[in-house]
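Undergrad: One structure, as C-alpha cells, below. Some questions next.
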Amino acid sequence: MMKKLILLLLVPFLLTAKDYPFLTGSNDGFDLFKKQVSQEIPDPDNPVAADIVVPSEEIAAGVPFYAAVRLTLDEGWKAYWKNPGESGFAVDVNWVVPPGFEVEELLWPTPKRSVVNNFVVFGFENELILLTRITPPENLQPGEEIEIAADISWLVCSDTTCLPGDSYQVLKLQTLSEVNVDPAKAKVFAEVVENLPKKVAEGISIKEVAPQAVLIDVSQELYDGTPDSVQFFPEDSNGIDLKKEPTLTVDPQGGLFVSIFREDTAQRPDDVKGILVFYDVNEGDRAFEIDLPLSPFAPEPKTPVRPPFKVGEVEEEYSYGMILLFAFIGGMILNLMPCVLPVVSIKVLGFVQMSNQSRKNTFMHGVLFSLGVLISFWVLAGLLLVLKAYGHAVGWGFQLQDPTFVGLLAAVLLIAAIAFFGVIEMGMGLSSRAGQAIEQVRKAESSKLSSFFGGVLATAVATPCSGPFLGMVLGVAVTLPWYSSLMIFTSLGFGMAFPYLLLAANPKWLKFLPKPGPWMDTFKQMMGFLMLLTVVWLLWVFMAQSDSEEMLRLLIALFIISFGCWVYGHFGSPFRKAGVRKAGRVIGLLIVIYGGYQVIIAGRNSALFEPHEKGLVSIEAGWENFSPERADELRSEGKPVFIDFTAKWCLLCQSNLVSINNSVVQGRMKELGVVKMMADWTRSDPVITAELARFGRNSVPLYIYYPPGKDSDPELLPQVLTPDLILEYLQ
C-alpha cells in the first residue's frame, strides 16, 4: 500500500518525461494463453492488462509448477525492470497462496536500455512476463480446489505521461493425483525459461583494473564467438555509472573482455551482480546472470621475473664519471631530437628577444631558463625514484603516459600559441612615456619569469624520448642509490640547458640575428603555428589513450580555453575602461579555469581505460601485440623476431617507424620470416616496463632483434634507425 501511495504522489513529477524509447521484450508464445479466465476485462482507459498464466490449471502435491504474471501494454507504453535505472519504479508482484505453498523469487527477463533526457532507464515494451516457481505441499489432497492470487502494482510511461496502476488477480487450480499438461503450453513455458538469463559461477571473473573501472573476463568456454555489442544491467546501481555504456574487446587468444565503469564518488562494492548480455544478429542474443566478488584494484600488478640480458653496450662497464659525461652529452643531444619541437621555438624566440639587451640581462635569462630545466629534471627524477622505490613500474617519460598530463600540456601550449599570436598580449601601444616606463619594468620581470617557466615547459616536452647515450644512462641511473641517480639527472639537465646558457653568456654570438623590428612579430606568430603543431601532436597522443567521447570533451575544453583567452585579451586590454578591463580579465580567467577543469575531467575519465589489459592495444597491420610468452614461443620455434618498444608520445619512435616500414626493409623481413612485435608503452604497462629493464633500459625507443635459431642472442639496435642500418642487422 505504501508503494502505491508513493507512485501516486510521484506521478505529477513524471508527467514531464519524454521519449522513453524501449525496444520490445515480448514473448509471443504466450498467445496460447490469451483466453485464460484470470485475464482482466480490457479497460479502454487503462494501458495495462494484467493476468496470471500457467502451463496447466491442474496441480499435484509436491510437484513444482510455473506461474507467470503477464502485463500486456498498449502500444507506446513501457514498464520498468527490477532496477529501473535513473528514473521510474519497478513492477512489484506479491503472490498470495494457501498455507504450505512455497513461492520462489521472481524470474525477470532481460530488459532493454534507453536514454531519456540524459536519464538511463531499463524496462520493457508491449509485454512483460514475470515467472515464479511455486511448490504445493506434500499433504495436498486430490480433488481440492485452491486459489492463488497475485497483488500487482506498476508504473508505466508513454511519450507524454506516466500512470501508476495495480491489479489483484486470482486463478483457481484443481488438485489431482497426476497432472495433465498441454504439450504446446509446456513447450512455450520451457522456451521462456530457456530464454531467461543463465546463472553462471564459472567462466567469468571480475576485477577492478582502475579506481573506477571494472573488467569482466569471459572465457572462451562460456562464450565462443564475436558478438555485435554488449550491455550490462546491474541489479542495483551500487555506484555503477549507468551513463557510460560497457565496452567490448575480443581477446585474440580467445574469450571476451567487458569494461564497466563506476561513478567517481562511489565506494567500491564487494561484489557485482546483474545481467550481462551479448547481442548477435546472426547467432542470437545470450544473457548471463552474474553475482561474483569484485577483486580490488592493484595499482601495479606484479609481473613475472625474467632474467636480465646483457647485450651490446650494456656489457661494457663504465666508471661513474663516464656515466655523468654520457648524461651531459645526452642532454645536449636531446636538444636535437624531434621530441623538442616546441622547445626550438621557445629558445629561438628567446634569442631574438635578447638580441638588443645588456649582457647581464641576457645572462640572467640564460640562468633562469637553465634553472627551470634543472628543477624540472630534479622533480621528474624525484618522482621517478620515489615511485620505483615503492614498487611501481614506471620509466622515463612516465608523465606523458597520463592522459591528464597530456591534456593539460596541450592546454598550456595552446595558451602559449595564443599569446604568440598576440591575442592575450597586454600593454602594447601605451602612449604615455610614464606608462611605457612602468610597462617596461613589468615586462622585464614578466620576461624573467617566462624564461624560468620556458625551461620548465621545455623539459616537460623534451624528456619523453631518449636519444643516443640516454638509454643506457637512464637504465643505470635507476639502479644506483638516490643521491648518485640525482647527480646523473642533474648532469642530464645541465647538458640540455648548456647550449642556451653558453649563448646567453656570450651575447656576441647572437650578432648574426637581425636587429629588433617588426619582423619579430611575424617571427613570433610563426612560432605560434609551431606551437599549434605540437598541440596537434599531443591531441594525437591523447586520442591513443582515450575514447571518442573524452577526445570530444578535450577538444571542447580547448575551445573554451581559447575563447577565455580571447575574452581576457579583448576586454582586458589597457585601452578599455577600468571596469570593463577588470571584468574582462576576471571573466576570461574564469572561463579558462573552467576549460582547464574539463581537461582534467577528460584525462581522469580516459585513465579509466586500460588499453594494455590483455590485447586492448590497437596494433598496426602486420604487427603482433607484444607479450613475453609469445616472444619466448617464437624463439623456441627458431623464428626471427623484431620487437619495437615504442610510444605515441615519442616522436623519435614515430620517425624511426618510417625507416622500419620502408618497402625494402619490409620485403627483407618478409623473406626472412621475421615476426614483428610492437610493445606500445603509450600508457603505463608493467609488463613492458619490466621487459625494458631486462635490457638495462628505462625509456623508449628500444629495438630488439632475435636472429633465426632457438639459441640466438638478442641484438640491440641503435635508437636512431635508417633503412640501411636495419638491413645490416637483418643480414
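Each chain of the C-alpha cells is named A, B, ... in the order shown, its residues numbered from 1; ligands are numbered from 1 in display order.
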Fewer than 4 positions away in the same chain doesn't count, so skip those; otherwise give me all residues within 9 Å of region 169-177 of chain A, counting only C-alpha atoms, as a PyMOL selection string.
TA: chain A and resi 37-40+50-53+56-61+69+140-152
Undergrad: Which neighbours of region 186-197 of chain A fall inside 10 Å, counting only C-alpha atoms, when residues of the same chain fewer than 2 positions from it are skipped, and could you give them as number ranges by chain?
TA: A: 27-32, 53-56, 66-68, 107-110, 129, 131, 181-184, 199-200, 274-277, 285-290
Undergrad: How far is it from CA of Ala49 (chain A) to CA of Pro98 (chain A), in Å with one decimal?
TA: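 We find that CA of Ala49 (chain A) and CA of Pro98 (chain A) lie 25.0 Å from each other.
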Undergrad: For Gly638 (chain A), list every protein, DNA or RNA residue within 12 Å, evaluated using only C-alpha atoms, and leave out those in the same chain fewer than 4 positions away; present the list as a compact mmCIF listing (two decimals) with N, CA, C and O atoms, in the first residue's frame.
TA:
# COMPACT_ATOMS: atom_id res chain seq x y z
N ALA A 631 56.75 -14.05 -27.37
CA ALA A 631 58.12 -13.90 -27.85
C ALA A 631 58.94 -15.16 -27.56
O ALA A 631 59.71 -15.64 -28.41
N ASP A 632 58.79 -15.72 -26.35
CA ASP A 632 59.51 -16.95 -26.00
C ASP A 632 59.06 -18.12 -26.87
O ASP A 632 59.87 -18.97 -27.26
N GLU A 633 57.77 -18.16 -27.18
CA GLU A 633 57.25 -19.24 -28.03
C GLU A 633 57.86 -19.18 -29.42
O GLU A 633 58.27 -20.20 -29.98
N LEU A 634 57.92 -17.97 -29.99
CA LEU A 634 58.51 -17.81 -31.32
C LEU A 634 59.99 -18.15 -31.32
O LEU A 634 60.49 -18.78 -32.27
N LEU A 672 62.80 -13.26 -44.74
CA LEU A 672 63.40 -13.99 -43.62
C LEU A 672 62.35 -14.58 -42.69
O LEU A 672 62.70 -15.33 -41.77
N GLY A 673 61.08 -14.22 -42.89
CA GLY A 673 60.03 -14.71 -41.99
C GLY A 673 60.08 -14.08 -40.62
O GLY A 673 59.74 -14.72 -39.62
N VAL A 674 60.50 -12.80 -40.56
CA VAL A 674 60.61 -12.11 -39.27
C VAL A 674 59.21 -11.80 -38.73
O VAL A 674 58.37 -11.25 -39.45
N VAL A 675 58.99 -12.16 -37.48
CA VAL A 675 57.73 -11.82 -36.81
C VAL A 675 57.93 -10.48 -36.09
O VAL A 675 58.80 -10.36 -35.24
N TYR A 706 65.91 -10.72 -32.60
CA TYR A 706 66.36 -12.09 -32.36
C TYR A 706 66.58 -12.77 -33.70
O TYR A 706 65.60 -13.03 -34.43
N PRO A 707 67.81 -13.06 -34.08
CA PRO A 707 68.06 -13.75 -35.35
C PRO A 707 67.46 -15.15 -35.34
O PRO A 707 67.08 -15.67 -34.29
N PRO A 708 67.37 -15.80 -36.50
CA PRO A 708 66.83 -17.17 -36.55
C PRO A 708 67.66 -18.10 -35.67
O PRO A 708 68.87 -17.94 -35.51
N GLY A 709 67.00 -19.10 -35.10
CA GLY A 709 67.68 -20.06 -34.24
C GLY A 709 67.16 -20.00 -32.83
O GLY A 709 66.90 -18.92 -32.29
N LYS A 710 67.03 -21.18 -32.21
CA LYS A 710 66.48 -21.25 -30.86
C LYS A 710 67.39 -20.61 -29.83
O LYS A 710 66.92 -20.04 -28.84
N ASP A 711 68.70 -20.71 -30.03
CA ASP A 711 69.65 -20.22 -29.02
C ASP A 711 70.29 -18.90 -29.41
O ASP A 711 71.34 -18.53 -28.87
N SER A 712 69.70 -18.19 -30.36
CA SER A 712 70.31 -16.94 -30.82
C SER A 712 70.20 -15.87 -29.73
O SER A 712 69.20 -15.78 -29.02
N ASP A 713 71.25 -15.08 -29.61
CA ASP A 713 71.25 -13.98 -28.64
C ASP A 713 70.58 -12.75 -29.25
O ASP A 713 70.70 -12.49 -30.45
Undergrad: Would you kindly return, as an mmCIF file with N, CA and C atoms, in the first residue's frame, each protein, DNA or RNA residue with an atom no farther than 9 Å from any atom of Ile643 (chain A), considering only C-alpha atoms and excluding same-chain residues fewer than 4 positions away?
TA:
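Output file around.cif is given in full below:
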data_model
loop_
_atom_site.group_PDB
_atom_site.id
_atom_site.type_symbol
_atom_site.label_atom_id
_atom_site.label_comp_id
_atom_site.auth_asym_id
_atom_site.auth_seq_id
_atom_site.Cartn_x
_atom_site.Cartn_y
_atom_site.Cartn_z
ATOM 1 N N PHE A 626 52.851 -7.279 -28.378
ATOM 2 C CA PHE A 626 53.940 -7.919 -27.645
ATOM 3 C C PHE A 626 53.455 -8.590 -26.365
ATOM 4 N N ALA A 631 56.746 -14.053 -27.368
ATOM 5 C CA ALA A 631 58.119 -13.902 -27.849
ATOM 6 C C ALA A 631 58.939 -15.157 -27.555
ATOM 7 N N VAL A 675 58.986 -12.155 -37.485
ATOM 8 C CA VAL A 675 57.734 -11.817 -36.808
ATOM 9 C C VAL A 675 57.933 -10.485 -36.093
ATOM 10 N N LYS A 676 57.106 -9.497 -36.461
ATOM 11 C CA LYS A 676 57.241 -8.159 -35.879
ATOM 12 C C LYS A 676 56.275 -8.024 -34.702
ATOM 13 N N MET A 677 56.815 -7.594 -33.573
ATOM 14 C CA MET A 677 56.010 -7.394 -32.374
ATOM 15 C C MET A 677 56.156 -5.952 -31.908
ATOM 16 N N MET A 678 55.048 -5.355 -31.527
ATOM 17 C CA MET A 678 55.048 -3.965 -31.070
ATOM 18 C C MET A 678 54.677 -3.913 -29.588
ATOM 19 N N ALA A 679 55.568 -3.334 -28.786
ATOM 20 C CA ALA A 679 55.321 -3.128 -27.360
ATOM 21 C C ALA A 679 54.980 -1.655 -27.169
ATOM 22 N N LEU A 702 63.335 1.414 -28.023
ATOM 23 C CA LEU A 702 64.259 0.294 -27.892
ATOM 24 C C LEU A 702 63.883 -0.715 -28.963
ATOM 25 N N TYR A 703 64.889 -1.204 -29.684
ATOM 26 C CA TYR A 703 64.654 -2.148 -30.774
ATOM 27 C C TYR A 703 65.489 -3.396 -30.538
ATOM 28 N N ILE A 704 64.807 -4.541 -30.466
ATOM 29 C CA ILE A 704 65.459 -5.819 -30.209
ATOM 30 C C ILE A 704 65.224 -6.741 -31.404
ATOM 31 N N TYR A 705 66.291 -7.376 -31.860
ATOM 32 C CA TYR A 705 66.169 -8.342 -32.955
ATOM 33 C C TYR A 705 66.752 -9.679 -32.529
ATOM 34 N N TYR A 706 65.914 -10.718 -32.604
ATOM 35 C CA TYR A 706 66.356 -12.086 -32.357
ATOM 36 C C TYR A 706 66.576 -12.767 -33.700
#
Undergrad: Find the residues around region 657-663 of chain A up to 12 Å (only C-alpha atoms counted), leave out those fewer than 5 positions away in its own chain, and share them as a ChimeraX atom specification.
TA: /A:620-623,642-648,650-652,668-670,676,678,701-703,717,719-727,730
Undergrad: Mind checking which residues fall within 8 Å of Glu550 (chain A), counting only C-alpha atoms, ignoring those fewer than 2 positions away in the same chain, and posting them as an NGL selection string?
TA: :A and (546-548 or 552-554 or 602-603 or 605-606)
Undergrad: As a list in words, which residues of region 187-230 of chain A does DSSP assign to strand (DSSP E)?
TA: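 Filtering region 187-230 of chain A down to strand (DSSP E) leaves Lys198, Lys199, Val200, Ile204, Ser205, Ile206, Lys207, Glu208, Val209, Ala210, Ala213, Val214, Leu215, Ile216, Asp217, Val218, Ser229 and Val230 of chain A.
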Undergrad: Please produce a file of the residues just selected, as an mmCIF file, in the first residue's frame, where the atoms kept are N, CA and C atoms.
TA:
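Generated file (part-v1.cif):
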data_model
loop_
_atom_site.group_PDB
_atom_site.id
_atom_site.type_symbol
_atom_site.label_atom_id
_atom_site.label_comp_id
_atom_site.auth_asym_id
_atom_site.auth_seq_id
_atom_site.Cartn_x
_atom_site.Cartn_y
_atom_site.Cartn_z
ATOM 1 N N LYS A 198 21.040 -16.866 -17.937
ATOM 2 C CA LYS A 198 21.610 -18.062 -17.316
ATOM 3 C C LYS A 198 22.512 -17.675 -16.151
ATOM 4 N N LYS A 199 22.276 -18.314 -15.020
ATOM 5 C CA LYS A 199 23.139 -18.078 -13.868
ATOM 6 C C LYS A 199 24.477 -18.778 -14.093
ATOM 7 N N VAL A 200 25.556 -18.043 -13.908
ATOM 8 C CA VAL A 200 26.891 -18.606 -14.109
ATOM 9 C C VAL A 200 27.760 -18.266 -12.909
ATOM 10 N N ILE A 204 33.648 -16.828 -15.765
ATOM 11 C CA ILE A 204 33.658 -15.364 -15.702
ATOM 12 C C ILE A 204 34.401 -14.936 -14.443
ATOM 13 N N SER A 205 35.258 -13.973 -14.581
ATOM 14 C CA SER A 205 35.929 -13.372 -13.427
ATOM 15 C C SER A 205 35.799 -11.859 -13.529
ATOM 16 N N ILE A 206 35.786 -11.195 -12.395
ATOM 17 C CA ILE A 206 35.593 -9.750 -12.344
ATOM 18 C C ILE A 206 36.679 -9.144 -11.470
ATOM 19 N N LYS A 207 37.315 -8.111 -11.979
ATOM 20 C CA LYS A 207 38.334 -7.432 -11.188
ATOM 21 C C LYS A 207 38.346 -5.951 -11.527
ATOM 22 N N GLU A 208 38.799 -5.185 -10.578
ATOM 23 C CA GLU A 208 38.940 -3.745 -10.756
ATOM 24 C C GLU A 208 40.301 -3.479 -11.375
ATOM 25 N N VAL A 209 40.313 -2.824 -12.547
ATOM 26 C CA VAL A 209 41.576 -2.572 -13.249
ATOM 27 C C VAL A 209 41.999 -1.110 -13.166
ATOM 28 N N ALA A 210 41.162 -0.278 -12.578
ATOM 29 C CA ALA A 210 41.468 1.127 -12.328
ATOM 30 C C ALA A 210 40.532 1.570 -11.211
ATOM 31 N N ALA A 213 37.139 1.574 -12.822
ATOM 32 C CA ALA A 213 36.910 0.694 -13.972
ATOM 33 C C ALA A 213 36.940 -0.758 -13.527
ATOM 34 N N VAL A 214 35.954 -1.525 -14.025
ATOM 35 C CA VAL A 214 35.821 -2.935 -13.680
ATOM 36 C C VAL A 214 35.875 -3.747 -14.973
ATOM 37 N N LEU A 215 36.698 -4.776 -14.996
ATOM 38 C CA LEU A 215 36.851 -5.635 -16.173
ATOM 39 C C LEU A 215 36.197 -6.981 -15.910
ATOM 40 N N ILE A 216 35.276 -7.366 -16.795
ATOM 41 C CA ILE A 216 34.636 -8.678 -16.746
ATOM 42 C C ILE A 216 35.310 -9.556 -17.790
ATOM 43 N N ASP A 217 35.971 -10.613 -17.333
ATOM 44 C CA ASP A 217 36.719 -11.524 -18.203
ATOM 45 C C ASP A 217 35.847 -12.747 -18.474
ATOM 46 N N VAL A 218 35.416 -12.903 -19.723
ATOM 47 C CA VAL A 218 34.542 -14.006 -20.119
ATOM 48 C C VAL A 218 35.369 -15.027 -20.882
ATOM 49 N N SER A 229 27.562 -6.462 -29.973
ATOM 50 C CA SER A 229 27.632 -5.456 -28.913
ATOM 51 C C SER A 229 27.364 -6.123 -27.578
ATOM 52 N N VAL A 230 27.470 -5.336 -26.511
ATOM 53 C CA VAL A 230 27.313 -5.872 -25.165
ATOM 54 C C VAL A 230 26.567 -4.852 -24.311
#
Undergrad: What residues in region 519-681 of chain A get the DSSP label helix (DSSP H, G or I)? Please answer as a PyMOL selection string.
TA: chain A and resi 519-545+548-571+578-606+628-636+651-660+663-672
